[in-house]
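J.: Right, I'll just put the structure down here and ask away after.
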Amino acid sequence: MNIAVIFAGGTGKRMKTASKPKQFLELRGKPIIIYTLEHFENHELIDGIIVVCVEDWIDYCTELVGKFHISKVKAIIPGGTTGMLSRYNGIRKASELFPEDSIILMHDGVRPLIDHETITKNIESVEKYGSGITVAPAIETIAVRSDSMLVGEIIDRKQCQMAKAPQSFRLGALLAAHQQAIDSGMDDCIDTAYLMQLHGHEIYAVEGPTENIKITTPSDYFTFRALMDLKENPRLLDEEDE
């Protein structure tokens, strides 16, 4: 089985909005989280969805899932005190509902520009290699941070990729690695792929679109809006050139 675990646990501090967490902000009457969920709902290879949500917003999220007819959602559960513990909650819930050889696609609720092909390629990568990490080419120069005002090593961006999502693995491997990390005292590893690599798993790349952005700041939201405008009306670029 192929299961999407979607994280909607952030409170949106960098978005600087006091009214709603960022995943519930709307564009054209539809919340960001629904744009994201619809990609997995409408993908023929996805069998189920688990949403990990800010606890105080679970009822609202449940209402949205019903309103927008997201029928593949099997559970909406509260997150943990850190991103890693939220991911662990989602993985553990998946283990209660699905076989351990299921493919789990870990995805951010605020990445609404994921596409059908990238989801398919993640599933195929796990079937072939045991993992699939969505990446996109680095489009800016990357410099290593130093302890002083000096810029550290500047890395040739041709050698760099930006890790995005989904990040996909077999359920049993995901659960075991997270349990080992928690048992050893780690509770705040920022990235699933990094944690899995720490626990000896080989990580295979899946090329995805650069526009598969994570909406964490107001500028990200406006980029999302512009990309949606462009998707609906490709001639906007032609008009800009005139």
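All residue names refer to the structure tokens as shown: chains lettered A, B, ... in order, residues numbered from 1 in each chain, ligands numbered from 1 in order.
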When DSSP is applied to the backbone of this structure, which of stretch 43-189 of chain A are assigned strand (DSSP E)? Write them out as a PyMOL selection string.

T.: chain A and resi 48-53+73-78+103-108+131-137+142-143+154-155+161-170

J.: List the spatial neighbours of stretch 81-98 of chain A as a PyMOL selection string - criterion: any atom at most 10 Å away, only C-alpha atoms, same-chain residues fewer than 4 positions off excluded.

T.: chain A and resi 1-10+48-54+74-77+102-104+106-107+171-172+174-179+181-182+186-192+195

J.: Skip A:Ala165 itself and residues of its chain fewer than 6 positions away, then list as a PyMOL selection string all residues within 12 Å of it, counting only C-alpha atoms.

T.: chain A and resi 4-7+36+104-115+118-119+121-122+132-136+191-193+205-214

J.: Have a look at A:Leu45, A:Pro137, A:Phe24, A:Ile34 and name the one nearest to A:Phe68; count only C-alpha atoms.

T.: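 Among A:Leu45, A:Pro137, A:Phe24, A:Ile34, it is A:Ile34 that comes nearest to A:Phe68.
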
J.: What is the distance between atom CA of A:Leu37 and atom CA of A:Glu202, in Å to one decimal?

T.: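 Computing it gives 28.0 Å between the two atoms.
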
J.: Would you kindly return, as a list in words, each protein, DNA or RNA residue with an atom no farther than 9 Å from any atom of A:Tyr129, considering only C-alpha atoms and excluding same-chain residues fewer than 2 positions away?

T.: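 After dropping sequence-adjacent residues, the list is Glu124, Ser125, Val126, Glu127, Ser131, Gly132, Glu202, Ile203 and Tyr204 of chain A.
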
J.: Calculated over only C-alpha atoms, which of the candidates A:Lys231, A:Arg170, A:Arg225, A:His39 has the smallest distance to A:His201?

T.: A:Arg170

J.: Can you tell me which residues surround A:Val65 at a distance of at most 10 Å, considering only C-alpha atoms, apart from same-chain residues fewer than 4 positions away, and format the answer as a PyMOL selection string?

T.: chain A and resi 33-34+37-38+59-61+69-73+76

J.: Can you write just those residues out, C-alpha atoms, as an mmCIF file, in the first residue's frame?

T.:
data_model
loop_
_atom_site.group_PDB
_atom_site.id
_atom_site.type_symbol
_atom_site.label_atom_id
_atom_site.label_comp_id
_atom_site.auth_asym_id
_atom_site.auth_seq_id
_atom_site.Cartn_x
_atom_site.Cartn_y
_atom_site.Cartn_z
ATOM 1 C CA ILE A 33 -3.577 22.190 3.162
ATOM 2 C CA ILE A 34 -6.451 21.258 0.838
ATOM 3 C CA LEU A 37 -4.195 16.933 0.064
ATOM 4 C CA GLU A 38 -5.943 17.008 -3.305
ATOM 5 C CA ASP A 59 -11.749 19.734 14.430
ATOM 6 C CA TYR A 60 -11.320 22.480 11.828
ATOM 7 C CA CYS A 61 -9.107 20.248 9.690
ATOM 8 C CA HIS A 69 -14.386 15.578 -0.121
ATOM 9 C CA ILE A 70 -10.911 14.262 0.727
ATOM 10 C CA SER A 71 -12.060 10.665 1.115
ATOM 11 C CA LYS A 72 -8.656 8.971 1.462
ATOM 12 C CA VAL A 73 -7.896 10.565 4.859
ATOM 13 C CA ILE A 76 -6.167 13.167 11.672
#

J.: Would you mind writing down, as a compact mmCIF listing (two decimals) with C-alpha atoms, in the first residue's frame, each residue of stretch 6-238 of chain A that DSSP on the backbone assigns to helix (DSSP H, G or I)?

T.:
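Written out: result_18.txt:
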# COMPACT_ATOMS: atom_id res chain seq x y z
CA LYS A 13 5.26 32.11 13.30
CA ARG A 14 7.34 33.12 10.29
CA MET A 15 4.17 33.79 8.33
CA LYS A 22 -0.14 28.87 7.75
CA GLN A 23 -1.52 25.57 6.42
CA PHE A 24 -5.06 26.91 6.80
CA ILE A 32 -3.26 25.58 1.46
CA ILE A 33 -3.58 22.19 3.16
CA ILE A 34 -6.45 21.26 0.84
CA TYR A 35 -4.43 22.08 -2.28
CA THR A 36 -1.79 19.71 -0.90
CA LEU A 37 -4.20 16.93 0.06
CA GLU A 38 -5.94 17.01 -3.31
CA HIS A 39 -2.75 15.94 -5.10
CA PHE A 40 -2.64 12.74 -3.03
CA GLU A 41 -6.41 12.26 -3.03
CA GLU A 55 -4.07 19.69 18.16
CA ASP A 56 -6.31 22.74 18.63
CA TRP A 57 -7.10 22.75 14.89
CA ILE A 58 -7.99 19.07 14.43
CA ASP A 59 -11.75 19.73 14.43
CA TYR A 60 -11.32 22.48 11.83
CA CYS A 61 -9.11 20.25 9.69
CA THR A 62 -11.73 17.49 9.94
CA GLU A 63 -14.38 19.93 8.72
CA LEU A 64 -12.22 20.93 5.75
CA VAL A 65 -11.57 17.31 4.78
CA GLY A 66 -15.31 16.72 4.69
CA LYS A 67 -16.13 19.97 2.91
CA GLY A 83 8.83 18.25 14.10
CA MET A 84 10.53 14.90 14.57
CA LEU A 85 8.06 13.79 17.23
CA SER A 86 5.19 14.87 14.97
CA ARG A 87 6.61 12.72 12.20
CA TYR A 88 6.97 9.86 14.66
CA ASN A 89 3.30 10.22 15.65
CA GLY A 90 2.28 10.00 12.01
CA ILE A 91 4.48 6.98 11.32
CA ARG A 92 3.26 5.22 14.43
CA LYS A 93 -0.36 5.81 13.43
CA ALA A 94 0.40 4.44 9.98
CA SER A 95 1.84 1.31 11.60
CA GLU A 96 -1.47 0.80 13.43
CA LEU A 97 -3.48 1.02 10.21
CA HIS A 116 1.43 13.77 -9.95
CA GLU A 117 4.71 12.74 -11.58
CA THR A 118 6.81 13.39 -8.47
CA ILE A 119 4.47 11.30 -6.32
CA THR A 120 4.70 8.46 -8.85
CA LYS A 121 8.50 8.68 -9.03
CA ASN A 122 8.76 8.54 -5.21
CA ILE A 123 6.73 5.34 -5.12
CA GLU A 124 8.77 3.79 -7.93
CA SER A 125 12.04 4.73 -6.21
CA VAL A 126 11.03 3.05 -2.96
CA GLU A 127 9.90 -0.05 -4.85
CA LYS A 128 13.29 -0.23 -6.57
CA TYR A 129 15.74 1.12 -3.97
CA ARG A 157 26.05 24.72 -6.85
CA LYS A 158 26.36 22.23 -9.70
CA GLN A 159 27.27 19.73 -6.99
CA LEU A 171 6.95 1.90 6.87
CA GLY A 172 8.87 -0.69 8.88
CA ALA A 173 12.21 0.99 8.23
CA LEU A 174 10.82 4.43 9.08
CA LEU A 175 9.31 3.29 12.35
CA ALA A 176 12.45 1.42 13.44
CA ALA A 177 14.76 4.36 12.71
CA HIS A 178 12.56 6.86 14.53
CA GLN A 179 12.16 4.54 17.51
CA GLN A 180 15.93 4.02 17.71
CA ALA A 181 16.50 7.77 17.55
CA ILE A 182 13.97 8.47 20.30
CA ASP A 183 15.34 5.67 22.49
CA THR A 192 13.48 12.51 7.75
CA ALA A 193 16.10 11.80 5.08
CA TYR A 194 18.89 12.94 7.40
CA LEU A 195 17.62 10.75 10.23
CA MET A 196 17.34 7.74 7.94
CA GLN A 197 20.85 8.33 6.62
CA LEU A 198 22.14 8.52 10.20
CA PRO A 218 4.67 35.80 3.33
CA SER A 219 6.91 35.89 0.24
CA ASP A 220 6.39 32.13 -0.19
CA TYR A 221 2.63 32.68 -0.12
CA PHE A 222 2.82 35.35 -2.80
CA THR A 223 5.05 33.07 -4.90
CA PHE A 224 2.43 30.33 -4.55
CA ARG A 225 -0.29 32.73 -5.65
CA ALA A 226 1.74 33.86 -8.66
CA LEU A 227 2.50 30.27 -9.70
CA MET A 228 -1.17 29.34 -9.43
CA ASP A 229 -2.07 32.36 -11.56
CA LEU A 230 0.50 31.27 -14.13
CA LYS A 231 -0.74 27.69 -14.07
CA GLU A 232 -4.27 28.82 -14.83
CA ARG A 235 -0.24 33.55 -21.32
CA LEU A 236 0.63 35.81 -18.37
CA LEU A 237 4.30 35.32 -19.24
CA ASP A 238 3.66 36.30 -22.84

J.: Tell me which of A:Gly29, A:His199, A:Phe169, A:Gln161 sits closest to A:Gly130, counting only C-alpha atoms.

T.: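 Of all the options, A:Phe169 lies closest to A:Gly130.
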